Amino acid sequence: MHHPKSLQEIVENGLCLGCGLCESLSGRERITMEWVDPPGRLRPRVHAELDEEAEQAILQGCPGVHLDEPLDPARHGPNAREDPSFGPWIRVWKGHASEPKIHHLGSSGGALTALSLYLLETGKVDFICHVKADDVRPMRTRSHVSTNRDEVLEGAGSRYGPASPLDRFMEQLDKGRPFAVVGKPCDISGVHNMRKLDPRVDELVKYTMAFSCGTFADLQCSRWMLERVGFPGGQDGEENLSLFRYRGYGCPGPTRAVDQNGKVYDEPYLDFWYGEHGWTHQFRCKICADPTGEATDISVADAWQGGGPTEEEWGGYSTFISRTPRGDALMQEAIEAGALTVEEHDIALMYDVQPHQAVKKQGLNARLKAIEDSGSLGPVFHKLRLDEAQAQQDQTFFETNYDGTKTRIEKGVNRERLA
Ligand SMILES: Cc1cc2nc3c(=O)[nH]c(=O)nc-3n(C[C@H](O)[C@H](O)[C@H](O)COP(=O)(O)OP(=O)(O)OC[C@H]3O[C@@H](n4cnc5c(N)ncnc54)[C@H](O)[C@@H]3O)c2cc1C
Ligand code: SF4
Ligand code: SF4
């Protein structure tokens, strides 16, 4: 397989996932994240030519093109085991935030919000890097730095549209203060890649946490929701929004649009994904080698049996995986302090509640082979146990995955452009 040698090649081969790290690495005078709309994706726009040094830094840091060795013996210590599909793990739990308010408003069990608050309130970090709805255009999502409880709560909840959580990552390092990063697995892969480029990452990024991620929807899918629920202005009604959220306040909770007069337009969670319009998303998620956050200290996921909701609950459950000794110690402390209410399981729980992620990992070798055979450029995935995951399935499974990816590439879904 051949790999991209420039930012342009990353994007043109459908490998960009919109994290924003290249903007932060290069500076806004050279790169900004902009909308390619339709379909509504955040992609880099290059304003000034990148020199060799800048291009190399992007190629090393970009999680779209590069992911290397989530299990690092120095970081994981002797007690971490490795599961073929779900990666490094020390302990696994199922549970939720103990505080009812957080349990109710969080997307699953409020796990990430409770852990973020615990980190801030115990002084283990000075701030949390995550995301929240844009104040002016609440259908859009922007990177967000929280230093107190109210700010953390503002960022709670899954944002199923595009976001660039790393677009200010270097600014956070420049503060020289300890912090935590919460994001999608690929956002944390970007942080993990940066460990090799900037020694401040090991020094200052005290904790990384991610949620299991299937993909996110292009912005046009949120516009389609407005039309389906009869929102004022329909698909073009974004300017009339005062709030837009995807789930939470119950589990899964509705997708909710609120107009400027406070009128609420709700749609059931499953209708957002499987309703009249379906959803569209970037090709890169189809070849995601780490959908469950293997490079984190702690990763979480929904805890629905079979991978999807069957009923609406007042508050949901999260699964938690501690992956590093640091993450494990944080979990133990947060449980003992009463911030989390959990019962212990083992990694088998993940096969029950995240079957779609196991299947994605198991099919990845086939999908990468289809990219290689098509002559497209592909990502560098190193030490991600793709052979072991493939061995959990048979040859028919391999061929189905190969054929599906080949068809997608023939349709051109991996061809994109810079913004
Ligand atoms: C795009 C996307 C895809 C997902 N796919 C799956 C899946 O396949 N399987 C599964 O089990 N769960 C999936 N989830 C996760 C699930 O919806 C819950 O968010 C997760 O279990 C965490 O729940 P919580 O209650 O602990 O989070 P909360 O306490 O509600 O906190 C969520 C945290 O995540 C941050 N965040 C939210 N959206 C984003 C985003 N787009 N990018 C970066 N950071 C973000 C928030 O700022 C907040 O800090 C997905 C979530 C998203 C946003
Ligand atoms: S994945 Fe992130 S770093 Fe890579 S090109 Fe896209 S926005 Fe830039
Ligand atoms: S599926 Fe993988 S690549 Fe896509 S957004 Fe989620 S973590 Fe990132």
# chains A, B, ... in the order shown; residues from 1 in each chain; ligands from 1
>>> residues_near_ligand(ligand="ligand 1", cutoff="7 Å", atoms="only C-alpha atoms and all ligand atoms", output="number ranges by chain")
A: 105-114, 130-132, 152, 155-163, 165, 182-184, 211-216, 248, 300-303, 307, 318, 354, 357
>>> residues_near_ligand(ligand="ligand 2", cutoff="10 Å", atoms="only C-alpha atoms and all ligand atoms", output="PyMOL selection string")
chain A and resi 6-12+14-26+31-34+42-45+57-66+163-167+186-187+190+284+418
>>> closest_residue(among="A:Tyr269, A:Tyr274, A:Phe283, A:Phe179", to="Leu120 in chain A", atoms="only C-alpha atoms")
A:Phe179
>>> residues_around(residues="Trp279 in chain A", least_positions_apart="5", cutoff="9 Å", atoms="only C-alpha atoms", output="list in words")
Ala217, Asp218, Gln220, Cys221, Phe272, Trp273 and Tyr274 of chain A
>>> select_by_dssp(residues="range 96-330 of chain A", states="helix (DSSP H, G or I)", output="ChimeraX atom specification")
/A:100-105,111-121,149-154,169-174,185-194,200-204,219-228,234-240,269-274,283-287,305-307,325-330
>>> residues_around(residues="range 326-328 of chain A", least_positions_apart="5", cutoff="12 Å", atoms="only C-alpha atoms", output="ChimeraX atom specification")
/A:74-77,79-80,88-93,115,119,124,180,205-210,295-300,320-321,333-335
